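The file structure31.pdb comes next; it holds PDB, C-alpha atoms, pLDDT in the B column.
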```pdb
ATOM      1  CA  ILE A 121     -13.193   2.438   9.471  1.00 90.00           C
ATOM      2  CA  CYS A 122     -15.375   0.592   6.955  1.00 92.00           C
ATOM      3  CA  THR A 123     -16.723   0.861   3.437  1.00 94.00           C
ATOM      4  CA  ASN A 124     -19.847  -0.107   1.544  1.00 93.00           C
ATOM      5  CA  THR A 125     -20.358  -3.017  -0.860  1.00 93.00           C
ATOM      6  CA  PHE A 126     -19.177  -0.943  -3.812  1.00 93.00           C
ATOM      7  CA  GLY A 127     -16.094   0.551  -2.107  1.00 93.00           C
ATOM      8  CA  SER A 128     -17.458   3.968  -3.035  1.00 95.00           C
ATOM      9  CA  SER A 129     -17.679   5.499   0.450  1.00 95.00           C
ATOM     10  CA  LEU A 130     -15.540   5.419   3.552  1.00 95.00           C
ATOM     11  CA  TYR A 131     -17.184   5.493   6.983  1.00 94.00           C
ATOM     12  CA  ILE A 132     -16.113   5.770  10.587  1.00 92.00           C
ATOM     13  CA  MET A 133     -18.090   3.965  13.265  1.00 88.00           C
ATOM     14  CA  ARG A 134     -18.922   6.075  16.310  1.00 83.00           C
ATOM     15  CA  GLY A 135     -21.425   4.915  18.864  1.00 84.00           C
ATOM     16  CA  GLY A 136     -22.583   2.084  16.613  1.00 85.00           C
ATOM     17  CA  SER A 137     -23.636   4.344  13.742  1.00 89.00           C
ATOM     18  CA  PRO A 138     -21.567   4.865  10.601  1.00 91.00           C
ATOM     19  CA  GLU A 139     -20.646   8.429   9.610  1.00 92.00           C
ATOM     20  CA  GLU A 140     -19.527   8.984   6.025  1.00 94.00           C
ATOM     21  CA  LEU A 141     -16.035  10.479   5.831  1.00 94.00           C
ATOM     22  CA  VAL A 142     -15.626  10.685   2.065  1.00 94.00           C
ATOM     23  CA  ALA A 143     -17.174   9.257  -1.109  1.00 94.00           C
ATOM     24  CA  GLY A 144     -15.841   8.605  -4.601  1.00 94.00           C
ATOM     25  CA  PRO A 145     -15.070   5.825  -7.060  1.00 94.00           C
ATOM     26  CA  GLY A 146     -13.069   3.082  -5.309  1.00 93.00           C
ATOM     27  CA  ILE A 147     -12.294   5.289  -2.288  1.00 94.00           C
ATOM     28  CA  GLY A 148     -13.052   2.443   0.121  1.00 93.00           C
ATOM     29  CA  THR A 149     -10.862  -0.129  -1.646  1.00 92.00           C
ATOM     30  CA  TYR A 150      -7.470  -1.030  -0.109  1.00 93.00           C
ATOM     31  CA  VAL A 151      -7.519   1.776   2.457  1.00 94.00           C
ATOM     32  CA  THR A 152      -4.816   1.802   5.100  1.00 94.00           C
ATOM     33  CA  VAL A 153      -4.733   3.391   8.535  1.00 94.00           C
ATOM     34  CA  SER A 154      -1.540   4.865  10.002  1.00 94.00           C
ATOM     35  CA  PRO A 155      -0.247   3.159  13.166  1.00 92.00           C
ATOM     36  CA  SER A 156      -1.254   6.248  15.188  1.00 92.00           C
ATOM     37  CA  GLY A 157      -4.761   6.195  13.670  1.00 92.00           C
ATOM     38  CA  ASP A 158      -4.645   9.870  12.741  1.00 94.00           C
ATOM     39  CA  ARG A 159      -4.345   9.373   8.966  1.00 95.00           C
ATOM     40  CA  ILE A 160      -6.021   7.130   6.438  1.00 96.00           C
ATOM     41  CA  GLY A 161      -4.360   6.346   3.127  1.00 97.00           C
ATOM     42  CA  VAL A 162      -6.751   6.478   0.163  1.00 97.00           C
ATOM     43  CA  LYS A 163      -6.603   6.713  -3.609  1.00 96.00           C
ATOM     44  CA  LEU A 164      -8.788   9.289  -5.328  1.00 96.00           C
ATOM     45  CA  ILE A 165     -10.049   8.454  -8.827  1.00 95.00           C
ATOM     46  CA  ASP A 166     -11.563  11.233 -10.931  1.00 94.00           C
ATOM     47  CA  SER A 167     -14.192  10.897 -13.678  1.00 92.00           C
ATOM     48  CA  GLY A 168     -11.470  10.573 -16.328  1.00 93.00           C
ATOM     49  CA  GLY A 169      -9.749   7.727 -14.474  1.00 93.00           C
ATOM     50  CA  SER A 170      -6.778   9.724 -13.168  1.00 96.00           C
ATOM     51  CA  GLN A 171      -5.604   8.556  -9.765  1.00 96.00           C
ATOM     52  CA  THR A 172      -4.181  10.525  -6.849  1.00 97.00           C
ATOM     53  CA  PRO A 173      -2.694   9.102  -3.634  1.00 97.00           C
ATOM     54  CA  ALA A 174      -4.017  11.026  -0.655  1.00 96.00           C
ATOM     55  CA  LEU A 175      -4.226  11.217   3.121  1.00 96.00           C
ATOM     56  CA  LEU A 176      -7.539  11.594   4.896  1.00 96.00           C
ATOM     57  CA  ASP A 177      -7.646  13.060   8.396  1.00 96.00           C
ATOM     58  CA  PRO A 178     -10.605  11.274  10.027  1.00 93.00           C
ATOM     59  CA  ALA A 179     -10.996  14.001  12.669  1.00 92.00           C
ATOM     60  CA  THR A 180     -11.293  16.909  10.243  1.00 94.00           C
ATOM     61  CA  ARG A 181     -12.296  14.972   7.088  1.00 93.00           C
ATOM     62  CA  ILE A 182      -9.661  16.919   5.167  1.00 95.00           C
ATOM     63  CA  VAL A 183      -8.180  15.040   2.205  1.00 96.00           C
ATOM     64  CA  THR A 184      -4.634  16.004   1.213  1.00 95.00           C
ATOM     65  CA  ALA A 185      -3.245  14.941  -2.172  1.00 96.00           C
ATOM     66  CA  LEU A 186       0.259  13.484  -2.032  1.00 95.00           C
ATOM     67  CA  HIS A 187       1.063  13.677  -5.746  1.00 94.00           C
ATOM     68  CA  GLN A 188      -0.316  14.942  -9.018  1.00 95.00           C
ATOM     69  CA  PRO A 189      -3.044  12.802 -10.625  1.00 96.00           C
ATOM     70  CA  GLY A 190      -1.795  10.139 -13.012  1.00 96.00           C
ATOM     71  CA  PRO A 191      -2.892   7.026 -14.883  1.00 96.00           C
ATOM     72  CA  LYS A 192      -1.027   4.550 -12.647  1.00 96.00           C
ATOM     73  CA  VAL A 193      -0.838   5.607  -9.025  1.00 97.00           C
ATOM     74  CA  GLY A 194      -0.864   3.112  -6.164  1.00 96.00           C
ATOM     75  CA  GLN A 195      -2.283   2.770  -2.703  1.00 97.00           C
ATOM     76  CA  VAL A 196      -0.770   4.470   0.353  1.00 97.00           C
ATOM     77  CA  SER A 197       0.988   2.527   3.129  1.00 97.00           C
ATOM     78  CA  PHE A 198       2.576   3.706   6.394  1.00 96.00           C
ATOM     79  CA  THR A 199       5.584   3.112   8.620  1.00 95.00           C
ATOM     80  CA  GLU A 200       5.610   3.278  12.402  1.00 94.00           C
ATOM     81  CA  ASP A 201       7.834   6.389  12.324  1.00 93.00           C
ATOM     82  CA  GLY A 202       5.370   8.492  10.305  1.00 93.00           C
ATOM     83  CA  ARG A 203       6.570   7.961   6.743  1.00 95.00           C
ATOM     84  CA  PHE A 204       4.228   6.865   3.999  1.00 95.00           C
ATOM     85  CA  ALA A 205       4.698   5.291   0.581  1.00 97.00           C
ATOM     86  CA  PHE A 206       2.814   4.885  -2.701  1.00 98.00           C
ATOM     87  CA  THR A 207       3.627   4.078  -6.310  1.00 98.00           C
ATOM     88  CA  VAL A 208       3.641   6.405  -9.298  1.00 97.00           C
ATOM     89  CA  GLY A 209       4.109   4.381 -12.450  1.00 96.00           C
ATOM     90  CA  GLU A 210       6.963   1.955 -11.835  1.00 97.00           C
ATOM     91  CA  ARG A 211       8.433   3.994  -8.975  1.00 97.00           C
ATOM     92  CA  LEU A 212       7.866   3.615  -5.248  1.00 98.00           C
ATOM     93  CA  VAL A 213       7.770   6.989  -3.508  1.00 97.00           C
ATOM     94  CA  VAL A 214       8.610   7.116   0.215  1.00 97.00           C
ATOM     95  CA  THR A 215       8.176  10.397   2.076  1.00 95.00           C
ATOM     96  CA  ASP A 216       7.771  11.897   5.519  1.00 91.00           C
ATOM     97  CA  GLY A 217       5.907  14.846   4.008  1.00 86.00           C
ATOM     98  CA  ASN A 218       9.121  16.840   3.526  1.00 91.00           C
ATOM     99  CA  SER A 219      11.839  14.727   1.950  1.00 94.00           C
ATOM    100  CA  ILE A 220      11.126  12.226  -0.828  1.00 95.00           C
ATOM    101  CA  VAL A 221      13.052   9.126  -1.873  1.00 96.00           C
ATOM    102  CA  SER A 222      11.962   7.032  -4.837  1.00 96.00           C
ATOM    103  CA  TYR A 223      12.875   3.530  -5.980  1.00 97.00           C
ATOM    104  CA  ASP A 224      12.467   1.898  -9.385  1.00 96.00           C
ATOM    105  CA  LEU A 225      10.403  -1.289  -9.031  1.00 96.00           C
ATOM    106  CA  GLY A 226      10.579  -2.128 -12.728  1.00 93.00           C
ATOM    107  CA  TYR A 227       6.832  -2.709 -12.834  1.00 93.00           C
ATOM    108  CA  TYR A 228       3.693  -0.816 -11.826  1.00 96.00           C
ATOM    109  CA  ALA A 229       2.034  -2.300  -8.763  1.00 96.00           C
ATOM    110  CA  ASN A 230      -1.146  -0.821  -7.307  1.00 96.00           C
ATOM    111  CA  ARG A 231      -0.143  -2.175  -3.913  1.00 95.00           C
ATOM    112  CA  ALA A 232       3.515  -1.968  -2.887  1.00 97.00           C
ATOM    113  CA  PRO A 233       3.302  -1.655   0.900  1.00 97.00           C
ATOM    114  CA  ILE A 234       6.254  -0.482   2.926  1.00 96.00           C
ATOM    115  CA  SER A 235       7.006  -2.509   6.058  1.00 95.00           C
ATOM    116  CA  PRO A 236       6.063  -0.955   9.414  1.00 94.00           C
ATOM    117  CA  ASP A 237       9.754  -0.617  10.315  1.00 94.00           C
ATOM    118  CA  GLY A 238      10.428   1.113   6.981  1.00 94.00           C
ATOM    119  CA  ARG A 239      13.107  -1.364   5.924  1.00 94.00           C
ATOM    120  CA  TYR A 240      11.320  -3.117   3.044  1.00 96.00           C
ATOM    121  CA  ALA A 241       8.677  -2.764   0.368  1.00 97.00           C
ATOM    122  CA  ALA A 242       6.845  -5.642  -1.315  1.00 97.00           C
ATOM    123  CA  TRP A 243       4.917  -5.949  -4.579  1.00 97.00           C
ATOM    124  CA  ASN A 244       3.842  -8.431  -7.218  1.00 94.00           C
ATOM    125  CA  ASP A 245       5.233  -8.245 -10.746  1.00 95.00           C
ATOM    126  CA  ALA A 246       3.726  -8.915 -14.202  1.00 93.00           C
ATOM    127  CA  ASP A 247       4.082 -12.683 -13.592  1.00 95.00           C
ATOM    128  CA  ASP A 248       2.299 -12.396 -10.214  1.00 95.00           C
ATOM    129  CA  GLN A 249       5.438 -13.181  -8.259  1.00 97.00           C
ATOM    130  CA  ILE A 250       6.139 -11.367  -4.982  1.00 97.00           C
ATOM    131  CA  TRP A 251       9.272  -9.259  -4.647  1.00 97.00           C
ATOM    132  CA  ILE A 252      10.856  -7.532  -1.660  1.00 96.00           C
ATOM    133  CA  LEU A 253      13.055  -4.466  -1.951  1.00 96.00           C
ATOM    134  CA  THR A 254      15.474  -3.661   0.873  1.00 95.00           C
ATOM    135  CA  LEU A 255      15.237   0.136   0.910  1.00 95.00           C
ATOM    136  CA  ALA A 256      18.656   0.795   2.481  1.00 95.00           C
ATOM    137  CA  THR A 257      20.597  -1.204  -0.121  1.00 96.00           C
ATOM    138  CA  GLY A 258      18.310  -1.423  -3.157  1.00 94.00           C
ATOM    139  CA  GLU A 259      18.591  -5.226  -3.072  1.00 95.00           C
ATOM    140  CA  ARG A 260      15.612  -7.009  -4.644  1.00 95.00           C
ATOM    141  CA  ARG A 261      14.569 -10.551  -3.981  1.00 95.00           C
ATOM    142  CA  CYS A 262      11.761 -12.678  -5.384  1.00 96.00           C
ATOM    143  CA  VAL A 263      10.213 -14.456  -2.387  1.00 96.00           C
ATOM    144  CA  SER A 264       7.544 -16.511  -4.150  1.00 95.00           C
ATOM    145  CA  ASP A 265       8.129 -19.885  -5.783  1.00 92.00           C
ATOM    146  CA  GLY A 266       7.340 -19.188  -9.448  1.00 91.00           C
ATOM    147  CA  ILE A 267       4.899 -22.110  -9.489  1.00 91.00           C
ATOM    148  CA  SER A 268       1.699 -20.253  -8.690  1.00 92.00           C
ATOM    149  CA  GLY A 269       0.613 -16.643  -9.075  1.00 95.00           C
ATOM    150  CA  TYR A 270       0.562 -14.468  -5.943  1.00 96.00           C
ATOM    151  CA  TYR A 271      -0.950 -11.144  -4.924  1.00 94.00           C
ATOM    152  CA  ALA A 272      -1.891  -8.863  -2.005  1.00 93.00           C
ATOM    153  CA  PRO A 273       1.397  -8.582  -0.112  1.00 96.00           C
ATOM    154  CA  SER A 274       0.695  -7.336   3.403  1.00 95.00           C
ATOM    155  CA  TRP A 275       3.119  -6.710   6.280  1.00 95.00           C
ATOM    156  CA  ALA A 276       2.401  -7.921   9.803  1.00 92.00           C
ATOM    157  CA  PRO A 277       1.983  -4.928  12.138  1.00 85.00           C
ATOM    158  CA  ALA A 278       4.663  -6.389  14.421  1.00 78.00           C
ATOM    159  CA  GLY A 279       7.440  -8.813  13.629  1.00 69.00           C
ATOM    160  CA  GLY A 280       8.211  -7.711  10.080  1.00 84.00           C
ATOM    161  CA  ARG A 281       6.818 -10.765   8.298  1.00 94.00           C
ATOM    162  CA  LEU A 282       5.104 -10.568   4.923  1.00 96.00           C
ATOM    163  CA  LEU A 283       1.851 -12.356   4.153  1.00 96.00           C
ATOM    164  CA  PHE A 284       0.747 -12.912   0.544  1.00 96.00           C
ATOM    165  CA  GLN A 285      -1.954 -14.945  -1.144  1.00 95.00           C
ATOM    166  CA  ALA A 286      -1.759 -17.463  -3.963  1.00 94.00           C
ATOM    167  CA  LEU A 287      -4.266 -17.559  -6.783  1.00 92.00           C
ATOM    168  CA  ASN A 288      -5.067 -21.144  -5.725  1.00 91.00           C
ATOM    169  CA  GLY A 289      -6.256 -19.940  -2.298  1.00 91.00           C
ATOM    170  CA  THR A 290      -3.229 -20.721  -0.146  1.00 92.00           C
ATOM    171  CA  VAL A 291      -1.514 -18.122   2.005  1.00 94.00           C
ATOM    172  CA  ARG A 292       2.244 -17.769   2.435  1.00 94.00           C
ATOM    173  CA  VAL A 293       4.323 -15.970   5.057  1.00 94.00           C
ATOM    174  CA  PHE A 294       7.872 -14.775   4.422  1.00 94.00           C
ATOM    175  CA  ASP A 295      10.274 -13.531   7.092  1.00 92.00           C
ATOM    176  CA  PRO A 296      12.945 -11.227   5.566  1.00 89.00           C
ATOM    177  CA  GLY A 297      15.200 -11.734   8.596  1.00 84.00           C
ATOM    178  CA  THR A 298      15.442 -15.510   8.302  1.00 86.00           C
ATOM    179  CA  LYS A 299      14.606 -15.669   4.574  1.00 85.00           C
TER     180      LYS A 299
END
```
Just give me the structure as structure tokens.
Amino acid sequence: ICTNTFGSSLYIMRGGSPEELVAGPGIGTYVTVSPSGDRIGVKLIDSGGSQTPALLDPATRIVTALHQPGPKVGQVSFTEDGRFAFTVGERLVVTDGNSIVSYDLGYYANRAPISPDGRYAAWNDADDQIWILTLATGERRCVSDGISGYYAPSWAPAGGRLLFQALNGTVRVFDPGTK
């Protein structure tokens, strides 16, 4: 899966040649692929700026909206067991396609990825500090140092560690198990 320089199209590479899957404003920015590879998480943005989290099936090219369009809707992330998550305003929505659980983050974050094991979610707040929410208990913890600004929390595919970047160019790794 790849995008163009503008992030306005999403392509799949087959036999060395790119095939366009879908096009639209920002569609190729911050995409995620499910662990099974059968779904791609995208955010649709219409001409008025409304945003819709969606799933793209790369085999059929069918795009399925996950929520109504809104002014502040975040990127889609996936768990290993088939759930997916995205933000709507200040809430994190976690669903398996049938049941929905939501959590108040206290701040809108475009990217609030859920961990592959489905135990945690991470996001940066208005002060660019990184927070982790333990989904089972609702416990929140700031895992950055408050000295620099941080962004782009990203979970390791295996091992449950969180990687995030500092505005000064350094990269940090946090392990929720060992803290």
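Interatomic distance, CA of Val214 in chain A to CA of Val162 in chain A: 15.4 Å.
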Care to translate the PyMOL selection byres ((chain A and resi 180) around 12) into actual residues of this file, as a PDB file with C-alpha atoms, in the coordinates of the input?
```pdb
ATOM      1  CA  LEU A 141     -16.035  10.479   5.831  1.00 94.00           C
ATOM      2  CA  VAL A 142     -15.626  10.685   2.065  1.00 94.00           C
ATOM      3  CA  ASP A 158      -4.645   9.870  12.741  1.00 94.00           C
ATOM      4  CA  ARG A 159      -4.345   9.373   8.966  1.00 95.00           C
ATOM      5  CA  ILE A 160      -6.021   7.130   6.438  1.00 96.00           C
ATOM      6  CA  LEU A 175      -4.226  11.217   3.121  1.00 96.00           C
ATOM      7  CA  LEU A 176      -7.539  11.594   4.896  1.00 96.00           C
ATOM      8  CA  ASP A 177      -7.646  13.060   8.396  1.00 96.00           C
ATOM      9  CA  PRO A 178     -10.605  11.274  10.027  1.00 93.00           C
ATOM     10  CA  ALA A 179     -10.996  14.001  12.669  1.00 92.00           C
ATOM     11  CA  ARG A 181     -12.296  14.972   7.088  1.00 93.00           C
ATOM     12  CA  ILE A 182      -9.661  16.919   5.167  1.00 95.00           C
ATOM     13  CA  VAL A 183      -8.180  15.040   2.205  1.00 96.00           C
ATOM     14  CA  THR A 184      -4.634  16.004   1.213  1.00 95.00           C
TER      15      THR A 184
END
```
Using the chain letters and numbering of this document, enumerate as a ChimeraX atom specification the residues selected by the PyMOL selection byres ((chain A and resi 207) around 12).
/A:163,171-174,186-197,204-206,208-215,221-234,241-243
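Here CA of Gln285 in chain A stands at a distance of 6.1 Å from CA of Ala272 in chain A.
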Report as a ChimeraX atom specification the full result of the PyMOL selection byres ((chain A and resi 275-283) around 9) when it is applied to this structure.
/A:155,200,233-237,240,242,272-274,284-285,291-297
Would you save the residues of that selection, restricted to C-alpha atoms, as a PDB file, keeping the file's coordinate frame?
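again_14.pdb was written with the following content:
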```
ATOM      1  CA  PRO A 155      -0.247   3.159  13.166  1.00 92.00           C
ATOM      2  CA  GLU A 200       5.610   3.278  12.402  1.00 94.00           C
ATOM      3  CA  PRO A 233       3.302  -1.655   0.900  1.00 97.00           C
ATOM      4  CA  ILE A 234       6.254  -0.482   2.926  1.00 96.00           C
ATOM      5  CA  SER A 235       7.006  -2.509   6.058  1.00 95.00           C
ATOM      6  CA  PRO A 236       6.063  -0.955   9.414  1.00 94.00           C
ATOM      7  CA  ASP A 237       9.754  -0.617  10.315  1.00 94.00           C
ATOM      8  CA  TYR A 240      11.320  -3.117   3.044  1.00 96.00           C
ATOM      9  CA  ALA A 242       6.845  -5.642  -1.315  1.00 97.00           C
ATOM     10  CA  ALA A 272      -1.891  -8.863  -2.005  1.00 93.00           C
ATOM     11  CA  PRO A 273       1.397  -8.582  -0.112  1.00 96.00           C
ATOM     12  CA  SER A 274       0.695  -7.336   3.403  1.00 95.00           C
ATOM     13  CA  PHE A 284       0.747 -12.912   0.544  1.00 96.00           C
ATOM     14  CA  GLN A 285      -1.954 -14.945  -1.144  1.00 95.00           C
ATOM     15  CA  VAL A 291      -1.514 -18.122   2.005  1.00 94.00           C
ATOM     16  CA  ARG A 292       2.244 -17.769   2.435  1.00 94.00           C
ATOM     17  CA  VAL A 293       4.323 -15.970   5.057  1.00 94.00           C
ATOM     18  CA  PHE A 294       7.872 -14.775   4.422  1.00 94.00           C
ATOM     19  CA  ASP A 295      10.274 -13.531   7.092  1.00 92.00           C
ATOM     20  CA  PRO A 296      12.945 -11.227   5.566  1.00 89.00           C
ATOM     21  CA  GLY A 297      15.200 -11.734   8.596  1.00 84.00           C
TER      22      GLY A 297
END
```
Kindly provide, as number ranges by chain, the polymer residues lying within 9 Å of (3.1, -16.2, -13.4), counting all atoms listed in the file and using the coordinates exactly as they appear in the file.
A: 245-249, 266-270
Using only C-alpha atoms, which residues of range 134-213 of chain A come within 10 Å of range 125-129 of chain A, and what is the closest atom pair for each, with the distance in Å to one decimal? Give it as a Markdown table, sorted by chain and residue number.
```
| residue | atom | partner | partner_atom | distance |
| --- | --- | --- | --- | --- |
| A:Glu140 | CA | A:Ser129 | CA | 6.8 |
| A:Leu141 | CA | A:Ser129 | CA | 7.5 |
| A:Val142 | CA | A:Ser129 | CA | 5.8 |
| A:Ala143 | CA | A:Ser129 | CA | 4.1 |
| A:Gly144 | CA | A:Ser128 | CA | 5.2 |
| A:Pro145 | CA | A:Ser128 | CA | 5.0 |
| A:Gly146 | CA | A:Ser128 | CA | 5.0 |
| A:Ile147 | CA | A:Ser128 | CA | 5.4 |
| A:Gly148 | CA | A:Gly127 | CA | 4.2 |
| A:Thr149 | CA | A:Gly127 | CA | 5.3 |
| A:Tyr150 | CA | A:Gly127 | CA | 9.0 |
| A:Val151 | CA | A:Gly127 | CA | 9.8 |
```
Taking all atoms of range 129-147 of chain A that the file lists and extending 4 Å past them on each side, where is the centre of the axis-aligned box and how long are its edges? Answer in Å to one decimal, as AutoDock Vina command-line options.
```
--center_x -18.0 --center_y 6.4 --center_z 5.9 --size_x 19.3 --size_y 16.6 --size_z 33.9
```
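In terms of minimum interatomic distance to Thr152 in chain A, A:Thr199 ranks closest within A:Ser219, A:Thr199, A:Thr298, A:Asp265, counting all atoms listed in the file.
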